[in-house]
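Asker: Sharing my_file_1.cif here; it has mmCIF, C-alpha atoms.
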```cif
data_entry
loop_
_atom_site.label_atom_id
_atom_site.label_comp_id
_atom_site.auth_asym_id
_atom_site.auth_seq_id
_atom_site.Cartn_x
_atom_site.Cartn_y
_atom_site.Cartn_z
CA MET A 3 77.57 93.68 77.43
CA PHE A 4 80.33 96.03 76.45
CA ILE A 5 84.07 96.38 76.72
CA ARG A 6 85.70 99.40 78.29
CA LYS A 7 89.09 100.32 79.71
CA ALA A 8 89.61 98.83 83.15
CA THR A 9 90.18 101.01 86.19
CA LYS A 10 91.53 100.17 89.60
CA LYS A 11 87.97 100.21 90.90
CA ASP A 12 87.33 97.07 88.86
CA PHE A 13 90.03 95.12 90.65
CA PRO A 14 87.81 93.80 93.49
CA GLN A 15 85.64 92.11 90.87
CA MET A 16 88.63 90.96 88.83
CA LEU A 17 90.53 89.31 91.68
CA PRO A 18 88.12 86.38 92.29
CA ILE A 19 88.15 85.63 88.54
CA PHE A 20 91.96 85.75 88.54
CA ARG A 21 91.92 83.35 91.52
CA GLU A 22 89.59 80.83 89.90
CA VAL A 23 91.57 80.93 86.65
CA ILE A 24 94.96 80.27 88.21
CA GLU A 25 93.49 77.72 90.62
CA GLY A 26 92.91 75.52 87.56
CA GLY A 27 96.67 75.40 86.91
CA ASP A 28 95.98 74.68 83.27
CA THR A 29 96.20 78.02 81.46
CA TYR A 30 98.51 80.50 83.27
CA ASP A 31 102.02 80.30 84.65
CA PHE A 32 100.87 81.84 87.96
CA GLU A 33 100.80 79.45 90.89
CA GLU A 34 98.15 79.61 93.60
CA THR A 35 100.73 81.21 95.88
CA ALA A 36 100.49 84.39 93.77
CA SER A 37 99.61 87.34 95.98
CA ASP A 38 96.84 89.88 95.45
CA GLN A 39 99.60 92.37 94.69
CA ASP A 40 100.98 90.05 91.99
CA ALA A 41 97.51 89.99 90.46
CA PHE A 42 97.16 93.77 90.68
CA ASP A 43 100.58 94.36 89.12
CA TYR A 44 99.76 91.94 86.31
CA TRP A 45 96.61 93.86 85.33
CA PHE A 46 97.52 97.40 86.36
CA GLY A 47 101.31 97.50 86.46
CA LYS A 48 103.59 99.80 84.52
CA GLY A 49 103.03 99.65 80.77
CA VAL A 50 99.83 97.60 81.09
CA THR A 51 96.55 98.62 79.41
CA SER A 52 93.61 96.52 80.60
CA PHE A 53 90.00 96.23 79.46
CA VAL A 54 86.97 94.66 81.11
CA MET A 55 83.88 93.10 79.61
CA GLU A 56 81.01 94.38 81.71
CA ASP A 57 77.49 93.02 81.78
CA ASP A 58 75.69 96.32 82.28
CA PRO A 59 71.91 96.39 81.80
CA SER A 60 72.28 99.79 80.15
CA ASP A 61 74.79 98.23 77.74
CA GLY A 62 77.21 100.95 78.61
CA GLN A 63 75.16 103.70 77.05
CA ASN A 64 76.37 106.01 79.73
CA ALA A 65 79.89 104.70 79.71
CA CYS A 66 81.68 103.67 76.55
CA ALA A 67 80.50 101.44 73.78
CA ASP A 68 82.29 100.44 70.64
CA SER A 69 82.91 103.83 69.12
CA GLU A 70 86.42 105.08 69.56
CA PRO A 71 85.53 108.70 70.49
CA ARG A 72 83.42 107.48 73.40
CA ARG A 73 86.12 105.06 74.44
CA LYS A 74 88.68 107.83 74.42
CA LYS A 75 86.49 110.43 76.04
CA ILE A 76 84.93 108.45 78.79
CA CYS A 77 86.92 105.35 79.40
CA ASP A 78 90.56 106.36 79.30
CA GLY A 79 91.60 106.84 82.86
CA ALA A 80 87.95 106.78 83.89
CA ASP A 81 87.40 106.22 87.56
CA ARG A 82 83.72 105.39 87.32
CA GLU A 83 82.42 102.62 89.52
CA PRO A 84 81.55 99.46 87.60
CA ARG A 85 77.78 99.46 87.21
CA GLY A 86 77.42 95.86 86.10
CA LYS A 87 79.07 92.51 86.57
CA ILE A 88 82.54 91.97 85.15
CA LEU A 89 82.57 88.83 83.02
CA GLY A 90 86.14 88.87 81.79
CA PHE A 91 89.08 91.09 81.06
CA TYR A 92 92.15 91.33 78.90
CA LYS A 93 95.34 93.34 78.76
CA ILE A 94 97.73 94.61 76.11
CA ILE A 95 101.43 95.22 76.71
CA GLN A 96 104.52 95.58 74.54
CA ASN A 97 105.96 92.10 74.06
CA HIS A 98 109.49 93.53 74.16
CA ARG A 99 110.92 96.91 75.01
CA GLY A 100 112.44 99.37 72.54
CA ARG A 101 113.39 97.65 69.31
CA GLY A 102 110.70 95.01 69.87
CA SER A 103 108.01 97.35 71.16
CA HIS A 104 106.00 97.35 67.92
CA VAL A 105 104.71 93.86 68.73
CA ALA A 106 101.93 93.56 71.29
CA ASN A 107 101.32 90.80 73.77
CA ALA A 108 97.92 90.15 75.31
CA SER A 109 96.36 88.03 78.05
CA PHE A 110 92.75 87.10 78.70
CA MET A 111 90.67 85.81 81.60
CA VAL A 112 86.97 84.90 81.62
CA SER A 113 84.95 84.08 84.71
CA ARG A 114 84.16 80.41 85.05
CA GLU A 115 80.40 80.87 85.02
CA THR A 116 80.59 82.88 81.79
CA ARG A 117 82.77 80.52 79.76
CA GLY A 118 81.42 79.09 76.52
CA ASN A 119 79.36 82.20 75.81
CA GLY A 120 81.73 83.81 73.33
CA ILE A 121 83.14 86.35 75.78
CA GLY A 122 86.69 85.28 74.97
CA ARG A 123 86.03 85.69 71.27
CA LYS A 124 84.50 89.16 71.72
CA MET A 125 87.49 90.23 73.80
CA GLY A 126 89.90 88.69 71.28
CA GLU A 127 88.29 90.63 68.43
CA ASP A 128 88.35 93.80 70.51
CA CYS A 129 92.01 93.21 71.35
CA ILE A 130 92.97 92.92 67.69
CA ARG A 131 91.15 96.16 66.90
CA VAL A 132 92.65 98.02 69.86
CA ALA A 133 96.19 96.74 69.22
CA ARG A 134 95.92 98.00 65.66
CA GLU A 135 94.63 101.37 66.89
CA MET A 136 97.53 101.56 69.33
CA GLY A 137 99.88 101.24 66.37
CA PHE A 138 101.19 97.74 66.96
CA ARG A 139 102.35 95.86 63.88
CA ALA A 140 101.63 92.40 65.27
CA ILE A 141 100.32 90.51 68.30
CA GLN A 142 102.35 87.67 69.78
CA PHE A 143 101.13 85.16 72.36
CA ASN A 144 104.15 83.64 74.08
CA PHE A 145 102.59 80.92 76.15
CA VAL A 146 99.28 79.41 75.03
CA ILE A 147 98.95 76.02 76.69
CA SER A 148 98.61 73.32 74.04
CA THR A 149 96.02 71.41 76.09
CA ASN A 150 93.80 74.50 76.39
CA GLU A 151 91.57 73.55 73.47
CA PRO A 152 89.19 76.53 73.59
CA ALA A 153 92.13 78.95 73.43
CA MET A 154 93.94 76.97 70.72
CA HIS A 155 90.76 76.96 68.65
CA LEU A 156 89.90 80.60 69.31
CA TRP A 157 93.24 82.09 68.29
CA LYS A 158 93.40 80.02 65.10
CA SER A 159 89.87 81.04 64.18
CA LEU A 160 90.78 84.71 64.68
CA GLY A 161 93.63 84.37 62.19
CA PHE A 162 96.58 83.82 64.50
CA GLN A 163 99.29 81.58 63.14
CA GLU A 164 100.68 78.80 65.34
CA LEU A 165 104.41 79.51 64.93
CA CYS A 166 105.87 76.80 67.13
CA ARG A 167 105.54 74.57 70.17
CA LEU A 168 107.78 74.84 73.22
CA PRO A 169 108.35 71.25 74.33
CA GLY A 170 107.20 70.62 77.90
CA ALA A 171 107.41 74.32 78.73
CA PHE A 172 104.29 74.36 80.95
CA ASN A 173 103.87 72.41 84.18
CA HIS A 174 100.16 71.60 84.04
CA LYS A 175 98.57 71.04 87.44
CA LYS A 176 96.99 67.74 86.40
CA LEU A 177 98.93 66.64 83.30
CA GLY A 178 102.50 67.59 84.23
CA PHE A 179 104.80 68.97 81.55
CA VAL A 180 102.91 69.84 78.38
CA ASP A 181 103.81 71.97 75.36
CA ALA A 182 103.15 75.68 75.15
CA VAL A 183 102.46 77.35 71.83
CA ILE A 184 103.51 80.65 70.28
CA PHE A 185 100.86 82.40 68.21
CA TYR A 186 101.42 85.42 65.98
CA LEU A 187 99.15 87.75 64.07
CA GLU A 188 100.52 90.41 61.74
CA LEU A 189 98.39 93.55 61.74
CA LYS A 190 99.95 95.46 58.86
CA MET B 23 140.37 83.51 81.42
CA PHE B 24 137.70 82.16 83.67
CA ILE B 25 134.01 82.56 84.37
CA ARG B 26 132.70 83.43 87.79
CA LYS B 27 129.52 84.76 89.28
CA ALA B 28 129.15 88.50 88.71
CA THR B 29 128.94 90.93 91.60
CA LYS B 30 127.81 94.52 91.73
CA LYS B 31 131.46 95.55 91.81
CA ASP B 32 131.75 94.31 88.23
CA PHE B 33 129.09 96.70 86.99
CA PRO B 34 131.44 99.65 86.23
CA GLN B 35 133.29 97.38 83.80
CA MET B 36 130.09 95.88 82.43
CA LEU B 37 128.32 99.15 81.67
CA PRO B 38 130.58 100.33 78.80
CA ILE B 39 130.23 96.89 77.17
CA PHE B 40 126.44 97.09 77.57
CA ARG B 41 126.58 100.55 75.97
CA GLU B 42 128.62 99.47 72.98
CA VAL B 43 126.40 96.43 72.41
CA ILE B 44 123.10 98.31 72.43
CA GLU B 45 124.62 101.17 70.44
CA GLY B 46 124.80 98.72 67.53
CA GLY B 47 121.00 98.37 67.54
CA ASP B 48 121.36 94.96 65.91
CA THR B 49 121.18 92.40 68.72
CA TYR B 50 119.19 93.67 71.72
CA ASP B 51 115.78 95.28 72.16
CA PHE B 52 117.29 98.03 74.34
CA GLU B 53 117.44 101.45 72.75
CA GLU B 54 120.30 103.86 73.33
CA THR B 55 118.02 105.82 75.64
CA ALA B 56 118.28 102.98 78.19
CA SER B 57 119.51 104.35 81.50
CA ASP B 58 122.37 103.04 83.61
CA GLN B 59 119.71 101.86 86.06
CA ASP B 60 117.99 99.89 83.27
CA ALA B 61 121.32 98.22 82.57
CA PHE B 62 121.90 97.49 86.25
CA ASP B 63 118.41 96.02 86.70
CA TYR B 64 118.89 93.86 83.61
CA TRP B 65 122.05 92.26 84.98
CA PHE B 66 121.46 92.42 88.74
CA GLY B 67 117.68 92.71 89.16
CA LYS B 68 115.40 90.39 91.09
CA GLY B 69 115.67 86.77 89.98
CA VAL B 70 118.74 87.42 87.83
CA THR B 71 121.93 85.36 88.14
CA SER B 72 124.82 86.84 86.19
CA PHE B 73 128.30 85.61 85.35
CA VAL B 74 131.36 87.39 84.01
CA MET B 75 134.22 86.15 81.88
CA GLU B 76 137.34 87.69 83.40
CA ASP B 77 140.76 87.89 81.84
CA ASP B 78 142.79 87.44 85.01
CA PRO B 79 146.54 86.80 84.64
CA SER B 80 146.30 84.37 87.57
CA ASP B 81 143.50 82.57 85.69
CA GLY B 82 141.35 82.89 88.74
CA GLN B 83 143.50 80.63 90.84
CA ASN B 84 142.66 82.73 93.83
CA ALA B 85 139.06 83.23 92.83
CA CYS B 86 137.01 80.53 91.18
CA ALA B 87 137.85 78.33 88.26
CA ASP B 88 135.82 75.63 86.68
CA SER B 89 135.31 73.37 89.65
CA GLU B 90 131.91 73.68 91.23
CA PRO B 91 133.07 73.64 94.88
CA ARG B 92 135.28 76.64 94.25
CA ARG B 93 132.50 78.39 92.36
CA LYS B 94 130.14 77.83 95.28
CA LYS B 95 132.67 78.64 97.98
CA ILE B 96 134.28 81.71 96.57
CA CYS B 97 132.08 83.14 93.90
CA ASP B 98 128.52 83.00 95.17
CA GLY B 99 127.79 86.36 96.65
CA ALA B 100 131.46 87.22 96.52
CA ASP B 101 132.20 90.88 96.79
CA ARG B 102 135.78 90.62 95.64
CA GLU B 103 137.04 93.35 93.37
CA PRO B 104 137.55 92.20 89.80
CA ARG B 105 141.29 91.56 89.40
CA GLY B 106 141.34 91.38 85.63
CA LYS B 107 139.53 92.74 82.64
CA ILE B 108 135.92 91.71 82.03
CA LEU B 109 135.54 90.41 78.47
CA GLY B 110 131.90 89.45 78.50
CA PHE B 111 129.04 88.36 80.70
CA TYR B 112 125.83 86.40 80.65
CA LYS B 113 122.78 85.96 82.81
CA ILE B 114 120.28 83.22 83.58
CA ILE B 115 116.66 83.86 84.59
CA GLN B 116 113.45 81.86 84.65
CA ASN B 117 111.77 82.34 81.29
CA HIS B 118 108.34 82.30 82.96
CA ARG B 119 107.18 82.36 86.56
CA GLY B 120 105.64 79.45 88.44
CA ARG B 121 104.34 76.80 86.07
CA GLY B 122 106.89 77.84 83.45
CA SER B 123 109.82 78.36 85.81
CA HIS B 124 111.57 75.09 84.86
CA VAL B 125 112.71 76.67 81.58
CA ALA B 126 115.66 79.07 81.71
CA ASN B 127 116.28 82.10 79.60
CA ALA B 128 119.75 83.55 79.09
CA SER B 129 121.37 86.65 77.58
CA PHE B 130 124.97 87.29 76.55
CA MET B 131 127.18 90.28 75.85
CA VAL B 132 130.79 90.31 74.67
CA SER B 133 133.02 93.36 74.48
CA ARG B 134 133.63 94.57 70.95
CA GLU B 135 137.39 94.19 71.11
CA THR B 136 137.06 90.58 72.28
CA ARG B 137 134.59 89.34 69.68
CA GLY B 138 135.58 86.48 67.41
CA ASN B 139 137.79 84.91 70.08
CA GLY B 140 135.33 82.25 71.21
CA ILE B 141 134.27 84.08 74.37
CA GLY B 142 130.61 83.78 73.43
CA ARG B 143 131.01 80.05 72.88
CA LYS B 144 132.75 79.54 76.21
CA MET B 145 130.02 81.46 77.99
CA GLY B 146 127.33 79.54 76.08
CA GLU B 147 128.84 76.23 77.14
CA ASP B 148 129.11 77.45 80.71
CA CYS B 149 125.50 78.63 80.62
CA ILE B 150 124.25 75.22 79.52
CA ARG B 151 126.20 73.53 82.34
CA VAL B 152 125.04 76.03 84.96
CA ALA B 153 121.39 75.95 83.84
CA ARG B 154 121.47 72.16 84.17
CA GLU B 155 123.04 72.45 87.63
CA MET B 156 120.36 74.94 88.63
CA GLY B 157 117.79 72.27 87.80
CA PHE B 158 116.32 73.79 84.65
CA ARG B 159 114.82 71.35 82.15
CA ALA B 160 115.42 73.52 79.09
CA ILE B 161 116.84 76.84 77.91
CA GLN B 162 114.77 79.09 75.67
CA PHE B 163 116.03 82.14 73.79
CA ASN B 164 113.06 84.36 72.96
CA PHE B 165 114.62 86.95 70.72
CA VAL B 166 117.72 86.03 68.73
CA ILE B 167 117.96 88.45 65.84
CA SER B 168 117.94 86.53 62.57
CA THR B 169 120.56 88.82 61.01
CA ASN B 170 122.97 88.22 63.91
CA GLU B 171 124.91 85.51 62.10
CA PRO B 172 127.47 84.75 64.81
CA ALA B 173 124.68 84.16 67.35
CA MET B 174 122.55 82.14 64.92
CA HIS B 175 125.55 79.94 64.16
CA LEU B 176 126.67 79.64 67.77
CA TRP B 177 123.36 78.47 69.22
CA LYS B 178 122.83 75.92 66.47
CA SER B 179 126.33 74.56 66.96
CA LEU B 180 125.70 74.19 70.69
CA GLY B 181 122.65 72.03 70.00
CA PHE B 182 119.87 74.58 70.24
CA GLN B 183 116.93 74.00 67.94
CA GLU B 184 115.54 76.88 65.89
CA LEU B 185 111.84 76.55 66.76
CA CYS B 186 110.38 79.44 64.80
CA ARG B 187 110.84 82.90 63.36
CA LEU B 188 108.85 85.92 64.53
CA PRO B 189 108.16 87.92 61.38
CA GLY B 190 109.53 91.46 61.54
CA ALA B 191 109.62 91.36 65.34
CA PHE B 192 112.88 93.30 65.67
CA ASN B 193 113.45 96.87 64.56
CA HIS B 194 117.07 96.72 63.45
CA LYS B 195 118.90 100.04 63.60
CA LYS B 196 120.19 99.74 60.03
CA LEU B 197 117.94 97.15 58.37
CA GLY B 198 114.53 98.03 59.80
CA PHE B 199 112.09 95.25 60.64
CA VAL B 200 113.79 91.85 60.58
CA ASP B 201 112.78 88.47 61.98
CA ALA B 202 113.66 87.30 65.46
CA VAL B 203 114.19 83.63 66.21
CA ILE B 204 113.22 81.40 69.12
CA PHE B 205 115.82 78.79 70.10
CA TYR B 206 115.25 75.92 72.52
CA LEU B 207 117.53 73.35 74.13
CA GLU B 208 116.14 70.54 76.23
CA LEU B 209 118.45 69.62 79.09
CA LYS B 210 116.80 66.46 80.40
#
```
For this file, write the structure as structure tokens.
Answerer:
Amino acid sequence: MFIRKATKKDFPQMLPIFREVIEGGDTYDFEETASDQDAFDYWFGKGVTSFVMEDDPSDGQNACADSEPRRKKICDGADREPRGKILGFYKIIQNHRGRGSHVANASFMVSRETRGNGIGRKMGEDCIRVAREMGFRAIQFNFVISTNEPAMHLWKSLGFQELCRLPGAFNHKKLGFVDAVIFYLELK
Amino acid sequence: MFIRKATKKDFPQMLPIFREVIEGGDTYDFEETASDQDAFDYWFGKGVTSFVMEDDPSDGQNACADSEPRRKKICDGADREPRGKILGFYKIIQNHRGRGSHVANASFMVSRETRGNGIGRKMGEDCIRVAREMGFRAIQFNFVISTNEPAMHLWKSLGFQELCRLPGAFNHKKLGFVDAVIFYLELK
């Protein structure tokens, strides 16, 4: 398993995972009416940098592993075909433009069959490292759903601070209006 | 003075106000490099509903005053030329898509020469009324700059709750990294 920069060639494998995540209606603000284009724009739109966790039998030895030179050399803008199965992905964007652009925002999706295997944690750790490398001073999550216990637990355990709750800000598919939570991690 | 829905014909009067606001570098995340198109998209882009405060000698008697039927009849989609001077404007958008679309977000700008005359307060009160009419359950401000004392005071006095501070999230033109504040007002 290894994490590398996502390319548009990964999208066919990412789309079904996106669909199963938003179908739950319990973690993302997307509704099931979201189009494939909406999904594409979310992961590959302007200003978006996305990464995939790939389950490649070669463990990415011919692609890009953890070391930054290999990431830079091979993965940035790579158009290689995915060789293995994509298990999850995440993205980093600026949380605000201009005078707020030193704070990152990130989003994560893990395939249903892979959940509970620490993929989210590995991607979270990678995200913190990459955001720091990209020069961000902090990471802010704007909309973690309070009933999403794995996410709530994960971000706290990675050092994020729960700054506040937004009362009833998320319309949960099964539970109705529940709180969303803002998490923040200072990197400097 | 009265508030009515903004139209594209108002933009030539709005742009210099936008310019003088962002030139301060103390309230908005826009940098001075923002283009006219950026400004236009911000106030008239997809999903944006904007309103202007106009200083019309007739007090809008031939346009739209406070009563909702007149607002609906004359101001929605109106393409009338502005008759008076535009003193300020605000916009309402959904703070999140889909499952978060029941919470509004709003932004305000007031011309420099008009500040301190309660225009911001009048627009804030109007915004709360309009957001409620539009069916929103709450209003969330994501990025009030903590050093912007008039704004901090105004939102508290209108019943908004200061939910949390985002440490160093705003790069103030004069002060460097300062906190931004999230405000929230439940409408139901």
Asker: Could you state which residues are captured by the PyMOL selection byres ((chain B and resi 159) around 9) in this file, as a PyMOL selection string?
Answerer: (chain A and resi 170-171) or (chain B and resi 124-126+153-154+157-158+160-161+207-210)
Asker: Output C-alpha atoms for every residue in that selection, as a compact mmCIF listing (two decimals), keeping the file's coordinate frame.
Answerer:
```
# COMPACT_ATOMS: atom_id res chain seq x y z
CA GLY A 170 107.20 70.62 77.90
CA ALA A 171 107.41 74.32 78.73
CA HIS B 124 111.57 75.09 84.86
CA VAL B 125 112.71 76.67 81.58
CA ALA B 126 115.66 79.07 81.71
CA ALA B 153 121.39 75.95 83.84
CA ARG B 154 121.47 72.16 84.17
CA GLY B 157 117.79 72.27 87.80
CA PHE B 158 116.32 73.79 84.65
CA ALA B 160 115.42 73.52 79.09
CA ILE B 161 116.84 76.84 77.91
CA LEU B 207 117.53 73.35 74.13
CA GLU B 208 116.14 70.54 76.23
CA LEU B 209 118.45 69.62 79.09
CA LYS B 210 116.80 66.46 80.40
```
Asker: For chain A, list the residues within 6 Å of chain B, counting only C-alpha atoms, and write the list as a list in words.
Answerer: Asp31, Phe32, Glu33, Arg99, Gly100, Arg101, Gly102, Leu165, Cys166, Ala171, Phe172 and Asn173 of chain A
Asker: Please produce a file of the residues just selected, as a compact mmCIF listing (two decimals), keeping the file's coordinate frame, where the atoms kept are C-alpha atoms.
Answerer:
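As written to disk, selection-v7.txt reads:
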```
# COMPACT_ATOMS: atom_id res chain seq x y z
CA ASP A 31 102.02 80.30 84.65
CA PHE A 32 100.87 81.84 87.96
CA GLU A 33 100.80 79.45 90.89
CA ARG A 99 110.92 96.91 75.01
CA GLY A 100 112.44 99.37 72.54
CA ARG A 101 113.39 97.65 69.31
CA GLY A 102 110.70 95.01 69.87
CA LEU A 165 104.41 79.51 64.93
CA CYS A 166 105.87 76.80 67.13
CA ALA A 171 107.41 74.32 78.73
CA PHE A 172 104.29 74.36 80.95
CA ASN A 173 103.87 72.41 84.18
```
Asker: CA of Glu115 in chain A to CA of Asp128 in chain A: how many Å, to one decimal?
Answerer: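 Calculated distance between CA of Glu115 in chain A and CA of Asp128 in chain A is 21.0 Å.
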Asker: Report as a VMD selection string the residues that result from applying the PyMOL selection byres ((chain A and resi 55-57) around 7) to the structure here.
Answerer: chain A and resid 3 to 6 53 to 54 58 to 59 86 to 91
Asker: What box, with edges along x, y and z, holds each listed atom of range 157-176 of chain B when 6 Å is added on every side, and can you state its centre and edge lengths in Å to one decimal, as JSON?
Answerer:
```
{"center_x": 120.3, "center_y": 80.1, "center_z": 74.4, "size_x": 26.4, "size_y": 29.5, "size_z": 38.8}
```
Asker: Determine, counting all atoms listed in the file, which protein, DNA and RNA residues have an atom within 10 Å of an atom of Cys129 in chain A; residues of the same chain fewer than 2 positions away are not included. Present the result as a list in words.
Answerer: Ser52, Phe53, Tyr92, Lys93, Ile94, Ala106, Asn107, Ala108, Ser109, Phe110, Arg123, Lys124, Met125, Gly126, Glu127, Arg131, Val132, Ala133, Arg134, Glu135 and Ile141 of chain A
Asker: What would the file look like if the residues just selected were written as a CSV table (one decimal), in the frame of the given file with C-alpha atoms?
Answerer:
```
chain,number,residue,atom,x,y,z
A,52,SER,CA,93.6,96.5,80.6
A,53,PHE,CA,90.0,96.2,79.5
A,92,TYR,CA,92.2,91.3,78.9
A,93,LYS,CA,95.3,93.3,78.8
A,94,ILE,CA,97.7,94.6,76.1
A,106,ALA,CA,101.9,93.6,71.3
A,107,ASN,CA,101.3,90.8,73.8
A,108,ALA,CA,97.9,90.2,75.3
A,109,SER,CA,96.4,88.0,78.0
A,110,PHE,CA,92.8,87.1,78.7
A,123,ARG,CA,86.0,85.7,71.3
A,124,LYS,CA,84.5,89.2,71.7
A,125,MET,CA,87.5,90.2,73.8
A,126,GLY,CA,89.9,88.7,71.3
A,127,GLU,CA,88.3,90.6,68.4
A,131,ARG,CA,91.2,96.2,66.9
A,132,VAL,CA,92.6,98.0,69.9
A,133,ALA,CA,96.2,96.7,69.2
A,134,ARG,CA,95.9,98.0,65.7
A,135,GLU,CA,94.6,101.4,66.9
A,141,ILE,CA,100.3,90.5,68.3
```
Asker: Considering all atoms listed in the file, can you say which of A:Lys48, A:Arg85, A:Arg114, A:Lys10 comes closest to Ile24 in chain A?
Answerer: A:Arg114
Asker: Could you list the residues chosen by the PyMOL selection byres ((chain B and resi 42) around 10) in this structure as a list in words?
Answerer: Leu37, Pro38, Ile39, Phe40, Arg41, Val43, Ile44, Glu45, Gly46, Gly47, Glu54, Met131, Val132, Ser133 and Arg134 of chain B
Asker: Kindly complete range 118-124 of chain A to all heavy atoms; the output should be written as a short mmCIF file (atom, residue, chain, number, x, y, z; two decimals), in the coordinates of the input.
Answerer:
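Okay, this is what ended up in part00.cif:
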```cif
data_model
loop_
_atom_site.label_atom_id
_atom_site.label_comp_id
_atom_site.auth_asym_id
_atom_site.auth_seq_id
_atom_site.Cartn_x
_atom_site.Cartn_y
_atom_site.Cartn_z
N GLY A 118 82.24 79.76 77.54
CA GLY A 118 81.42 79.09 76.52
C GLY A 118 80.36 80.00 75.92
O GLY A 118 79.57 79.57 75.09
N ASN A 119 80.36 81.26 76.34
CA ASN A 119 79.36 82.20 75.81
C ASN A 119 79.95 83.21 74.83
O ASN A 119 79.33 84.24 74.55
CB ASN A 119 78.67 82.94 76.97
CG ASN A 119 77.77 82.01 77.76
OD1 ASN A 119 77.06 81.20 77.19
ND2 ASN A 119 77.81 82.12 79.07
N GLY A 120 81.15 82.94 74.36
CA GLY A 120 81.73 83.81 73.33
C GLY A 120 82.37 85.08 73.87
O GLY A 120 82.72 85.97 73.10
N ILE A 121 82.52 85.15 75.19
CA ILE A 121 83.14 86.35 75.78
C ILE A 121 84.61 86.44 75.36
O ILE A 121 85.10 87.52 75.01
CB ILE A 121 83.05 86.31 77.33
CG1 ILE A 121 81.60 86.16 77.79
CG2 ILE A 121 83.69 87.55 77.94
CD1 ILE A 121 80.73 87.31 77.44
N GLY A 122 85.28 85.30 75.38
CA GLY A 122 86.69 85.28 74.97
C GLY A 122 86.85 85.75 73.54
O GLY A 122 87.75 86.53 73.22
N ARG A 123 85.96 85.29 72.67
CA ARG A 123 86.03 85.69 71.27
C ARG A 123 85.80 87.19 71.12
O ARG A 123 86.54 87.87 70.41
CB ARG A 123 85.00 84.91 70.44
CG ARG A 123 84.93 85.34 68.98
CD ARG A 123 84.00 84.45 68.17
NE ARG A 123 84.51 83.09 68.17
CZ ARG A 123 85.40 82.62 67.29
NH1 ARG A 123 85.84 83.41 66.33
NH2 ARG A 123 85.83 81.37 67.36
N LYS A 124 84.78 87.71 71.81
CA LYS A 124 84.50 89.16 71.72
C LYS A 124 85.70 89.96 72.20
O LYS A 124 86.08 90.97 71.60
CB LYS A 124 83.27 89.51 72.56
CG LYS A 124 81.95 89.15 71.90
CD LYS A 124 80.79 89.89 72.56
CE LYS A 124 79.46 89.61 71.86
NZ LYS A 124 78.99 88.22 72.06
#
```
